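A.B. asks: Got a structure for you, upload33.cif, holding mmCIF, C-alpha atoms.
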```
data_upload
#
loop_
_atom_site.label_atom_id
_atom_site.label_comp_id
_atom_site.auth_asym_id
_atom_site.auth_seq_id
_atom_site.Cartn_x
_atom_site.Cartn_y
_atom_site.Cartn_z
CA MET A 1 -30.58 -15.58 48.08
CA ALA A 2 -29.40 -13.25 45.33
CA ASP A 3 -26.97 -11.52 47.70
CA HIS A 4 -25.57 -14.82 49.02
CA ALA A 5 -25.64 -13.47 52.57
CA ALA A 6 -25.04 -16.83 54.22
CA LEU A 7 -21.99 -17.67 52.09
CA GLY A 8 -20.66 -14.11 52.18
CA PHE A 9 -19.81 -14.00 48.43
CA ASP A 10 -21.19 -15.02 45.05
CA PRO A 11 -19.38 -18.18 43.87
CA ALA A 12 -20.70 -17.95 40.29
CA PRO A 13 -21.31 -14.34 39.18
CA GLY A 14 -22.88 -13.79 35.78
CA ASN A 15 -26.14 -13.24 33.92
CA PRO A 16 -27.23 -16.24 31.82
CA ALA A 17 -29.97 -14.24 30.08
CA ALA A 18 -27.50 -11.57 28.90
CA VAL A 19 -25.07 -14.25 27.68
CA LEU A 20 -27.85 -15.98 25.75
CA ALA A 21 -28.92 -12.69 24.10
CA LEU A 22 -25.32 -11.98 23.05
CA THR A 23 -25.00 -15.50 21.66
CA LYS A 24 -28.04 -14.99 19.46
CA LYS A 25 -26.64 -11.71 18.13
CA LEU A 26 -23.28 -13.30 17.34
CA SER A 27 -24.98 -16.19 15.56
CA ALA A 28 -27.01 -13.78 13.44
CA SER A 29 -23.88 -11.79 12.59
CA ALA A 30 -22.03 -14.99 11.71
CA ASP A 31 -24.84 -16.00 9.35
CA SER A 32 -24.69 -12.59 7.64
CA LEU A 33 -20.92 -12.75 7.24
CA GLY A 34 -21.18 -16.27 5.88
CA GLU A 35 -23.59 -15.16 3.21
CA ALA A 36 -21.46 -12.09 2.38
CA SER A 37 -18.40 -14.33 2.08
CA ARG A 38 -20.24 -16.70 -0.25
CA VAL A 39 -21.43 -13.87 -2.50
CA MET A 40 -18.02 -12.17 -2.56
CA LYS A 41 -16.27 -15.39 -3.52
CA ALA A 42 -18.73 -15.84 -6.36
CA LEU A 43 -18.11 -12.29 -7.61
CA VAL A 44 -14.33 -12.58 -7.44
CA SER A 45 -14.37 -15.94 -9.19
CA HIS A 46 -16.02 -14.31 -12.24
CA SER A 47 -19.38 -15.91 -11.71
CA SER A 48 -21.66 -15.86 -14.74
CA SER A 49 -24.37 -14.32 -12.55
CA TRP A 50 -22.79 -10.89 -13.02
CA GLU A 51 -20.93 -9.95 -16.17
CA GLY A 52 -20.24 -6.82 -18.15
CA GLU A 53 -18.24 -3.61 -17.76
CA ALA A 54 -19.53 -2.83 -14.27
CA ALA A 55 -18.61 -6.31 -13.04
CA THR A 56 -15.13 -6.04 -14.55
CA ALA A 57 -14.55 -2.62 -12.94
CA PHE A 58 -15.82 -3.88 -9.59
CA ARG A 59 -13.52 -6.91 -9.62
CA ALA A 60 -10.55 -4.75 -10.65
CA SER A 61 -11.05 -2.44 -7.67
CA LEU A 62 -11.80 -5.20 -5.17
CA SER A 63 -9.06 -6.42 -2.90
CA GLN A 64 -8.41 -10.09 -3.51
CA ASP A 65 -7.95 -10.50 0.24
CA LEU A 66 -11.50 -9.38 1.09
CA PRO A 67 -13.19 -12.78 0.57
CA ARG A 68 -10.54 -14.40 2.77
CA TYR A 69 -11.07 -11.79 5.48
CA LEU A 70 -14.83 -12.28 5.37
CA GLY A 71 -14.41 -16.04 5.62
CA SER A 72 -12.05 -15.65 8.57
CA ALA A 73 -14.46 -13.30 10.34
CA HIS A 74 -17.34 -15.72 9.76
CA THR A 75 -15.35 -18.61 11.22
CA SER A 76 -14.34 -16.51 14.23
CA LEU A 77 -17.89 -15.43 15.02
CA VAL A 78 -19.19 -18.98 14.68
CA GLU A 79 -16.52 -20.13 17.13
CA ALA A 80 -17.33 -17.26 19.51
CA ALA A 81 -21.05 -18.05 19.41
CA ARG A 82 -20.33 -21.73 20.05
CA ARG A 83 -18.14 -20.98 23.05
CA LEU A 84 -20.65 -18.51 24.48
CA THR A 85 -23.38 -21.14 24.17
CA GLY A 86 -21.22 -23.49 26.21
CA TRP A 87 -20.50 -20.72 28.70
CA HIS A 88 -24.23 -20.04 29.05
CA ASP A 89 -24.88 -23.70 29.94
CA THR A 90 -21.94 -23.72 32.39
CA LEU A 91 -23.13 -20.48 33.98
CA VAL A 92 -26.65 -21.87 34.47
CA ALA A 93 -25.25 -24.99 36.16
CA HIS A 94 -22.88 -22.98 38.36
CA ARG A 95 -25.63 -20.58 39.37
CA ALA A 96 -27.77 -23.54 40.41
CA LEU A 97 -24.93 -24.96 42.54
CA ALA A 98 -24.32 -21.55 44.10
CA ALA A 99 -28.00 -21.35 45.07
CA ARG A 100 -27.82 -24.83 46.59
CA TYR A 101 -24.73 -23.98 48.65
CA GLU A 102 -26.34 -20.74 49.80
CA SER A 103 -29.36 -22.74 51.00
CA GLN A 104 -27.08 -25.19 52.81
CA ALA A 105 -25.22 -22.34 54.49
CA ALA A 106 -28.43 -20.62 55.49
CA ALA A 107 -29.84 -23.88 56.97
CA ALA A 108 -26.61 -24.87 58.75
CA LYS A 109 -27.13 -25.61 62.46
CA THR A 110 -23.46 -26.08 63.35
CA PRO A 111 -20.22 -24.28 62.53
CA GLU A 112 -19.01 -27.43 60.80
CA ALA A 113 -22.01 -27.51 58.45
CA LEU A 114 -21.57 -23.81 57.61
CA SER A 115 -17.85 -24.31 57.01
CA ASP A 116 -18.54 -27.28 54.73
CA ALA A 117 -21.02 -25.26 52.63
CA ARG A 118 -18.55 -22.38 52.27
CA ARG A 119 -15.75 -24.82 51.31
CA LEU A 120 -17.89 -26.19 48.50
CA ALA A 121 -18.71 -22.60 47.41
CA ARG A 122 -15.02 -21.69 47.29
CA GLU A 123 -14.29 -24.77 45.15
CA LEU A 124 -17.13 -23.75 42.86
CA ALA A 125 -15.77 -20.18 42.65
CA SER A 126 -12.32 -21.50 41.65
CA GLU A 127 -13.83 -23.72 38.95
CA HIS A 128 -16.07 -20.88 37.77
CA ASN A 129 -13.18 -18.42 37.47
CA ALA A 130 -11.07 -20.91 35.52
CA ALA A 131 -13.93 -21.55 33.08
CA ALA A 132 -14.51 -17.79 32.66
CA ARG A 133 -10.82 -17.20 31.88
CA GLY A 134 -10.89 -19.98 29.28
CA VAL A 135 -13.90 -18.45 27.55
CA ALA A 136 -12.33 -14.98 27.66
CA GLN A 137 -9.13 -16.27 26.01
CA THR A 138 -11.14 -17.96 23.27
CA LEU A 139 -13.16 -14.80 22.61
CA ASN A 140 -10.02 -12.65 22.51
CA ALA A 141 -8.48 -15.01 19.95
CA ALA A 142 -11.67 -14.79 17.88
CA VAL A 143 -11.54 -10.99 17.97
CA ASP A 144 -7.92 -11.04 16.77
CA ARG A 145 -9.02 -13.06 13.74
CA LEU A 146 -12.02 -10.88 12.87
CA ALA A 147 -9.96 -8.41 10.82
CA PRO A 148 -6.46 -8.33 9.35
CA LYS A 149 -3.79 -6.65 11.39
CA GLU A 150 -2.26 -3.51 9.98
CA PRO A 151 0.98 -4.42 8.20
CA GLY A 152 4.26 -2.91 9.30
CA TRP A 153 5.92 -0.13 7.33
CA LEU A 154 8.16 -2.48 5.38
CA ALA A 155 5.30 -4.83 4.52
CA SER A 156 3.07 -1.90 3.56
CA THR A 157 5.78 -0.40 1.35
CA TRP A 158 6.41 -3.73 -0.36
CA HIS A 159 2.67 -4.17 -1.03
CA LYS A 160 2.51 -0.71 -2.60
CA ILE A 161 5.50 -1.48 -4.83
CA VAL A 162 4.01 -4.79 -5.96
CA ASP A 163 0.50 -3.40 -6.42
CA ASP A 164 1.64 -0.37 -8.46
CA PRO A 165 4.98 -1.04 -10.18
CA GLY A 166 4.56 2.03 -12.40
CA ASP A 167 4.49 4.39 -9.43
CA ALA A 168 7.38 2.46 -7.85
CA LEU A 169 9.50 3.07 -10.96
CA SER A 170 8.52 6.78 -11.03
CA ASN A 171 9.41 7.17 -7.36
CA ALA A 172 12.73 5.38 -7.80
CA SER A 173 13.52 7.65 -10.75
CA ALA A 174 12.76 10.75 -8.69
CA ILE A 175 14.97 9.59 -5.83
CA LEU A 176 17.84 8.74 -8.20
CA GLY A 177 17.43 12.11 -9.90
CA PHE A 178 17.93 13.84 -6.57
CA LEU A 179 20.90 11.64 -5.64
CA GLY A 180 22.47 12.17 -9.07
CA ALA A 181 22.07 15.94 -8.86
CA GLY A 182 23.65 15.98 -5.42
CA VAL A 183 26.53 13.68 -6.31
CA ALA A 184 27.19 15.65 -9.51
CA LEU A 185 28.22 18.66 -7.41
CA ALA A 186 31.24 16.70 -6.17
CA CYS A 187 31.74 14.11 -8.91
CA PRO A 188 29.97 14.96 -12.19
CA PRO A 189 30.64 11.62 -13.96
CA VAL A 190 29.13 9.56 -11.15
CA GLY A 191 26.22 11.97 -10.83
CA LEU A 192 25.60 11.72 -14.57
CA ALA A 193 25.61 7.92 -14.42
CA ILE A 194 23.07 7.94 -11.59
CA MET A 195 20.80 10.39 -13.40
CA LEU A 196 20.94 8.37 -16.62
CA VAL A 197 19.83 5.28 -14.70
CA GLY A 198 17.00 7.34 -13.22
CA SER A 199 16.04 8.51 -16.70
CA GLY A 200 15.87 4.88 -17.82
CA LEU A 201 13.54 4.14 -14.91
CA SER A 202 11.31 7.04 -16.03
CA LEU A 203 11.06 5.46 -19.46
CA ALA A 204 10.13 2.12 -17.87
CA ALA A 205 7.59 3.89 -15.64
CA LEU A 206 6.02 5.61 -18.64
CA ALA A 207 5.67 2.30 -20.46
CA THR A 208 4.20 0.64 -17.36
CA HIS A 209 1.72 3.43 -16.67
CA THR A 210 0.49 3.78 -20.24
CA SER A 211 -0.12 0.03 -20.42
CA ASP A 212 -2.25 0.13 -17.24
CA PRO A 213 -6.00 0.28 -18.07
CA LYS A 214 -6.83 2.05 -14.80
CA PHE A 215 -4.22 4.72 -15.45
CA ARG A 216 -5.51 5.34 -18.97
CA LYS A 217 -9.12 5.37 -17.76
CA SER A 218 -8.45 8.05 -15.14
CA LEU A 219 -7.06 10.30 -17.89
CA ALA A 220 -9.75 9.44 -20.43
CA ASP A 221 -12.57 10.09 -17.94
CA GLY A 222 -11.20 13.56 -17.32
CA PHE A 223 -11.21 14.54 -20.99
CA THR A 224 -14.34 12.68 -22.11
CA LYS A 225 -16.55 12.89 -19.00
CA GLY A 226 -15.20 15.96 -17.26
CA GLN A 227 -14.13 13.93 -14.20
CA PHE A 228 -11.23 16.11 -13.15
CA ASP A 229 -10.86 14.40 -9.80
CA ALA A 230 -7.80 13.59 -7.69
CA ASP A 231 -7.05 10.46 -9.73
CA PHE A 232 -7.06 12.46 -12.97
CA TRP A 233 -4.64 15.07 -11.65
CA LYS A 234 -2.34 12.48 -10.10
CA SER A 235 -2.23 10.52 -13.37
CA SER A 236 -1.63 13.71 -15.37
CA VAL A 237 1.22 14.83 -13.12
CA THR A 238 2.71 11.32 -13.18
CA LEU A 239 2.54 11.23 -16.97
CA LEU A 240 4.25 14.62 -17.18
CA GLY A 241 6.98 13.56 -14.76
CA ASP A 242 7.64 10.25 -16.53
CA THR A 243 7.82 11.95 -19.92
CA ALA A 244 10.14 14.71 -18.75
CA GLY A 245 12.30 12.30 -16.78
CA MET A 246 12.94 9.96 -19.69
CA VAL A 247 14.23 12.70 -22.05
CA PRO A 248 17.93 12.71 -21.01
CA GLY A 249 18.27 8.95 -21.17
CA LEU A 250 16.33 8.55 -24.40
CA ALA A 251 18.20 11.45 -26.01
CA SER A 252 21.57 10.01 -24.98
CA VAL A 253 20.68 6.60 -26.39
CA ALA A 254 19.41 8.15 -29.64
CA SER A 255 22.55 10.25 -30.01
CA GLY A 256 24.73 7.24 -29.29
CA ALA A 257 22.78 5.10 -31.75
CA LYS A 258 23.27 7.65 -34.52
CA ALA A 259 26.98 7.96 -33.91
CA GLY A 260 27.43 4.22 -33.47
CA THR A 261 25.56 3.41 -36.68
CA ALA A 262 27.65 5.92 -38.65
CA ALA A 263 30.90 4.55 -37.23
CA ALA A 264 29.90 0.96 -37.96
CA ARG A 265 28.95 1.79 -41.53
CA ALA A 266 32.24 3.64 -42.07
CA ALA A 267 34.22 0.67 -40.76
CA MET A 268 32.35 -1.74 -43.02
CA ALA A 269 32.78 0.55 -46.01
CA ALA A 270 36.54 0.69 -45.39
CA ALA A 271 36.74 -3.12 -45.38
CA PRO A 272 33.94 -4.36 -47.65
CA GLU A 273 35.45 -7.81 -47.93
CA SER A 274 35.13 -8.36 -44.14
CA SER A 275 32.04 -9.50 -42.27
CA ALA A 276 29.57 -7.16 -40.62
CA LEU A 277 31.28 -7.83 -37.29
CA VAL A 278 34.08 -5.49 -38.35
CA GLY A 279 31.84 -2.55 -37.55
CA LEU A 280 30.85 -3.82 -34.09
CA ALA A 281 33.80 -2.47 -32.08
CA PRO A 282 33.98 1.03 -33.62
CA GLY A 283 30.19 1.26 -33.51
CA ALA A 284 30.08 0.38 -29.81
CA THR A 285 32.86 2.85 -29.01
CA ALA A 286 31.16 5.65 -30.92
CA PHE A 287 27.84 4.83 -29.25
CA ARG A 288 29.35 5.03 -25.77
CA GLN A 289 31.22 8.25 -26.42
CA ALA A 290 28.32 10.04 -28.09
CA ALA A 291 25.79 8.91 -25.48
CA TRP A 292 28.03 10.06 -22.64
CA THR A 293 28.80 13.39 -24.31
CA THR A 294 25.10 14.03 -24.90
CA GLY A 295 24.36 13.19 -21.28
CA GLU A 296 27.01 15.64 -20.10
CA THR A 297 25.61 18.34 -22.37
CA LEU A 298 22.04 17.82 -21.17
CA GLN A 299 23.22 17.78 -17.58
CA GLN A 300 24.09 21.46 -17.97
CA VAL A 301 20.73 22.45 -19.48
CA ASP A 302 18.48 24.28 -17.02
CA SER A 303 14.82 25.09 -17.26
CA PRO A 304 14.35 28.38 -19.17
CA LEU A 305 12.30 29.71 -16.28
CA THR A 306 14.99 28.82 -13.75
CA ALA A 307 17.70 30.29 -15.97
CA TRP A 308 15.72 33.53 -16.32
CA ALA A 309 14.95 33.79 -12.60
CA MET A 310 18.60 33.17 -11.64
CA GLN A 311 20.37 34.89 -14.51
CA SER A 312 22.38 37.05 -12.16
CA SER A 313 23.33 34.13 -9.88
CA THR A 314 26.49 32.06 -9.98
CA GLN A 315 26.61 28.60 -11.50
CA THR A 316 27.12 27.13 -8.02
CA ALA A 317 23.93 28.75 -6.80
CA ARG A 318 22.00 27.49 -9.81
CA ASP A 319 23.35 23.98 -9.23
CA ARG A 320 22.24 24.03 -5.62
CA VAL A 321 18.77 25.20 -6.60
CA GLY A 322 18.63 22.34 -9.08
CA VAL A 323 19.44 19.88 -6.29
CA ALA A 324 16.76 21.45 -4.08
CA VAL A 325 14.15 21.16 -6.86
CA ALA A 326 15.10 17.52 -7.42
CA GLY A 327 14.87 17.05 -3.66
CA THR A 328 11.17 17.96 -3.69
CA GLY A 329 10.62 15.10 -6.14
CA ALA A 330 12.47 12.68 -3.84
CA LEU A 331 10.44 13.96 -0.88
CA THR A 332 7.07 13.43 -2.55
CA ALA A 333 8.26 10.02 -3.76
CA GLY A 334 9.06 9.06 -0.18
CA LEU A 335 5.71 10.36 1.08
CA ASP A 336 4.02 7.96 -1.33
CA TYR A 337 5.00 5.19 1.10
CA ALA A 338 3.84 6.99 4.24
CA PRO A 339 0.53 6.02 5.90
CA GLU A 340 -2.49 6.91 3.79
CA ASN A 341 -3.46 10.56 4.19
CA GLU A 342 -5.61 12.33 1.63
CA THR A 343 -4.22 15.77 2.48
CA VAL A 344 -0.61 14.62 2.08
CA LYS A 345 -1.47 12.77 -1.13
CA ASN A 346 -3.13 15.82 -2.71
CA GLY A 347 -0.35 18.09 -1.48
CA SER A 348 2.29 15.85 -3.06
CA THR A 349 0.40 15.93 -6.35
CA ALA A 350 0.27 19.73 -6.21
CA VAL A 351 4.01 20.01 -5.49
CA ASP A 352 4.89 17.56 -8.26
CA GLY A 353 2.58 19.37 -10.67
CA ALA A 354 4.09 22.77 -9.92
CA ARG A 355 7.60 21.41 -10.31
CA GLY A 356 6.66 19.68 -13.55
CA VAL A 357 5.12 22.79 -15.11
CA LEU A 358 7.74 25.27 -13.90
CA ASP A 359 10.91 23.18 -14.17
CA ASP A 360 10.74 19.63 -15.52
CA ALA A 361 8.62 20.23 -18.61
CA PRO A 362 10.40 23.42 -19.82
CA ALA A 363 13.78 21.77 -19.22
CA ALA A 364 12.68 18.65 -21.11
CA VAL A 365 11.53 20.76 -24.07
CA LYS A 366 14.82 22.64 -24.14
CA LYS A 367 16.82 19.41 -23.89
CA SER A 368 14.75 17.79 -26.64
CA SER A 369 15.31 20.80 -28.89
CA ARG A 370 19.05 20.68 -28.22
CA VAL A 371 19.25 16.99 -29.09
CA TRP A 372 17.01 17.25 -32.13
CA SER A 373 19.33 19.86 -33.64
CA VAL A 374 22.04 17.20 -33.48
CA LEU A 375 19.97 14.21 -34.55
CA ARG A 376 18.09 15.63 -37.49
CA PRO A 377 19.44 14.63 -40.90
#
```
Hey, can you dump this file as C-alpha cells for me?

C.D. replies:
Amino acid sequence: MADHAALGFDPAPGNPAAVLALTKKLSASADSLGEASRVMKALVSHSSSWEGEAATAFRASLSQDLPRYLGSAHTSLVEAARRLTGWHDTLVAHRALAARYESQAAAAKTPEALSDARRLARELASEHNAAARGVAQTLNAAVDRLAPKEPGWLASTWHKIVDDPGDALSNASAILGFLGAGVALACPPVGLAIMLVGSGLSLAALATHTSDPKFRKSLADGFTKGQFDADFWKSSVTLLGDTAGMVPGLASVASGAKAGTAAARAAMAAAPESSALVGLAPGATAFRQAAWTTGETLQQVDSPLTAWAMQSSTQTARDRVGVAVAGTGALTAGLDYAPENETVKNGSTAVDGARGVLDDAPAAVKKSSRVWSVLRP
C-alpha cells in the first residue's frame, strides 16, 4: 500500500523514522549549547573557578553578547526539538489513517464506497498539509533566533565608535584635518579653525589610547616579546598619527598660555592695588591672539621632505598636495567603518604608516621646533 494505488495519492507523505533521528540530533545539540551557555556565563561573571592573568585576558577579549547568543540558540533548538517530536507523533497518526483509507479504497465494492474513502483521504491531506506548514513556520522562526543578524551599516559603525572611542577620535581628527586643509584653500581662517579642532581631537585620542590596557599591551608585546604582528603595527601607526596630529593644537595653546600669562602679569603689575581679576581680560585677549597667530604660522609649515620634493613648485601646487595627503588620512579613517576585511585593514595601516613617516612626523618635528624657539625662556 506504500504507493497508495487505490486512493491515487499519498494523503500523509513523510518519514517518521527520519524525523525521529533528526529530533534526537537536535536534542543532543541543544544539550551541548545549554552546557556551553552555562559555562560561558560563569566565565563572564568572573567565577572563582578561573582566575588570573589568562582569565582576565580571555574575559577582556570575549564579546559580552556571546552568552546571550548561546542561550538564545539553546532555547531555539529546544523548541525545534519539541515541535519535531510533536510532528513525529502527528506523522505516525496520519500515516496510520492514510493506510486505513487506502485499505478502504482497495476493498470498496461500489463507486460510493470508493468515493467516500477518497473524500476522507483528501480531508486528511488538507489537515496534514496545514500541520506541516505550522511546523515549518516554527522551525524557520527557531533558525532566525539561532544566531544574531548582521547589523546594518549605521548600527555597525555606532558599535565600532562605542567599542573603540580612541580610534573614533583619531578617525574624526583625520577627517577634520582633510576638511580643514580643503577649506583653507578658499577661506584660511575657517580652515584653521577646523584643523585646530581636529588637533584637539588628536590630543584626546592620544590620551584615550594610552590609557587603554589593550593598546599598551600590543605595543609592549612587540618590544618585549618580539610580537610585531598586525596589532602592533596598527597601534604604532595610530600612536604616531595621534602624536603628530596634536602638535598644532597643543603648540597654539602653549603659545597662547605664555602670552596670556605675561599680559595678565603686566596688567596686575600696573595696578597692584586691584584684584587679580584685573589681568583676566588682557590675559584672555593675549591668549586668543597668540594662539591664533601660532596656528596660522604652523598652518604654513610643510614637511621637510615635501618641501624638498616640491621646491620648484608653486605654493598653490604644494597646498593641493597637502590636501591630497590629508585626504588619504580621511580615506583610511572612513575605511575603518567598512565591513571587516583583513587586506583592507592592513593596507590602511600601511598607507597611514607611510604618510606618518614621510609627512606627518617630519612636519610635526619642524612645527615643534618652530614653536619651541618661541616658547623657550

A.B. asks: Residues of segment 67-175 of chain A that have any atom at most 12 Å from an atom of segment 348-361 of chain A: could you tabulate them with the shortest-distance atom pair and the distance in Å to one decimal, using all atoms listed in the file, ordered by chain and increasing number, as CSV?

C.D. replies:
```
residue,atom,partner,partner_atom,distance
A:Ser170,CA,A:Asp352,CA,11.7
A:Asn171,CA,A:Asp352,CA,11.4
A:Ala174,CA,A:Asp352,CA,10.4
```

A.B. asks: Counting only C-alpha atoms, which residue out of A:Thr243, A:Ser368, A:Ser312, A:Gln104 sits closest to Thr297 of chain A?

C.D. replies: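 Nearest to Thr297 of chain A: A:Ser368.
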
A.B. asks: Any chance you could work out the residue set of the PyMOL selection byres ((chain A and resi 301) around 8) here, as a ChimeraX atom specification?

C.D. replies: /A:297-300,302-303,363,366-367

A.B. asks: Quick check, in Å to one decimal: how far apart do atom CA of Val190 of chain A and atom CA of Thr238 of chain A lie?

C.D. replies: 26.6 Å

A.B. asks: Can you tell me which residues surround Ala263 of chain A at a distance of at most 10 Å, considering only C-alpha atoms, apart from same-chain residues fewer than 2 positions away, and format the answer as an MDAnalysis selection string?

C.D. replies: chainID A and resid 257:261 265:269 279:287

A.B. asks: Tell me, as a VMD selection string, which residues lie within 7 Å of segment 127-142 of chain A, counting only C-alpha atoms; anything in the same chain fewer than 6 positions away does not count.

C.D. replies: chain A and resid 12 76 to 77 80 83

A.B. asks: Using only C-alpha atoms, which residue out of A:Gly347, A:Pro213, A:Pro248, A:Pro165 lies closest to Thr332 of chain A?

C.D. replies: A:Gly347

A.B. asks: Let me know the residues the PyMOL selection byres ((chain A and resi 321) around 12) catches in the file above, as JSON, numbers by chain.

C.D. replies: {"A": [178, 181, 182, 185, 302, 303, 306, 307, 309, 310, 313, 314, 315, 316, 317, 318, 319, 320, 322, 323, 324, 325, 326, 327, 328, 359]}

A.B. asks: Could you pull out every residue with an atom within 10 Å of (-25.1, -20.9, 33.7), file coordinates, counting all atoms listed in the file, and send them as an NGL selection string?

C.D. replies: :A and (12-17 or 19-20 or 85-97 or 128)

A.B. asks: For a quick check of understanding, using only C-alpha atoms, which of A:Ala220, A:Gln227, A:Val39, A:Glu296 has the smallest distance to Gly191 of chain A?

C.D. replies: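 So, comparing all the options, the nearest one is A:Glu296.
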
A.B. asks: From the options A:Leu33, A:Ala5, A:Val237, A:Ala204, which residue's atoms come nearest to Asn346 of chain A, counting all atoms listed in the file?

C.D. replies: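 Checking each of A:Leu33, A:Ala5, A:Val237, A:Ala204 against Asn346 of chain A, counting all atoms listed in the file, the winner is A:Val237.
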
A.B. asks: Could you check which of A:Ala230, A:Val197, A:Val162, A:Leu240 is closest to Gly177 of chain A, using all atoms listed in the file?

C.D. replies: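 Of A:Ala230, A:Val197, A:Val162, A:Leu240, the one nearest Gly177 of chain A is A:Val197, counting all atoms listed in the file.
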
A.B. asks: Could you list, as a list in words, every residue matched by the PyMOL selection byres ((chain A and resi 337) around 10) in this structure?

C.D. replies: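 The output of the PyMOL selection byres ((chain A and resi 337) around 10) on this file is Trp153, Leu154, Ser156, Thr157, Trp158, His159, Lys160, Ile161, Ala168, Asn171, Thr332, Ala333, Gly334, Leu335, Asp336, Ala338, Pro339 and Glu340 of chain A.
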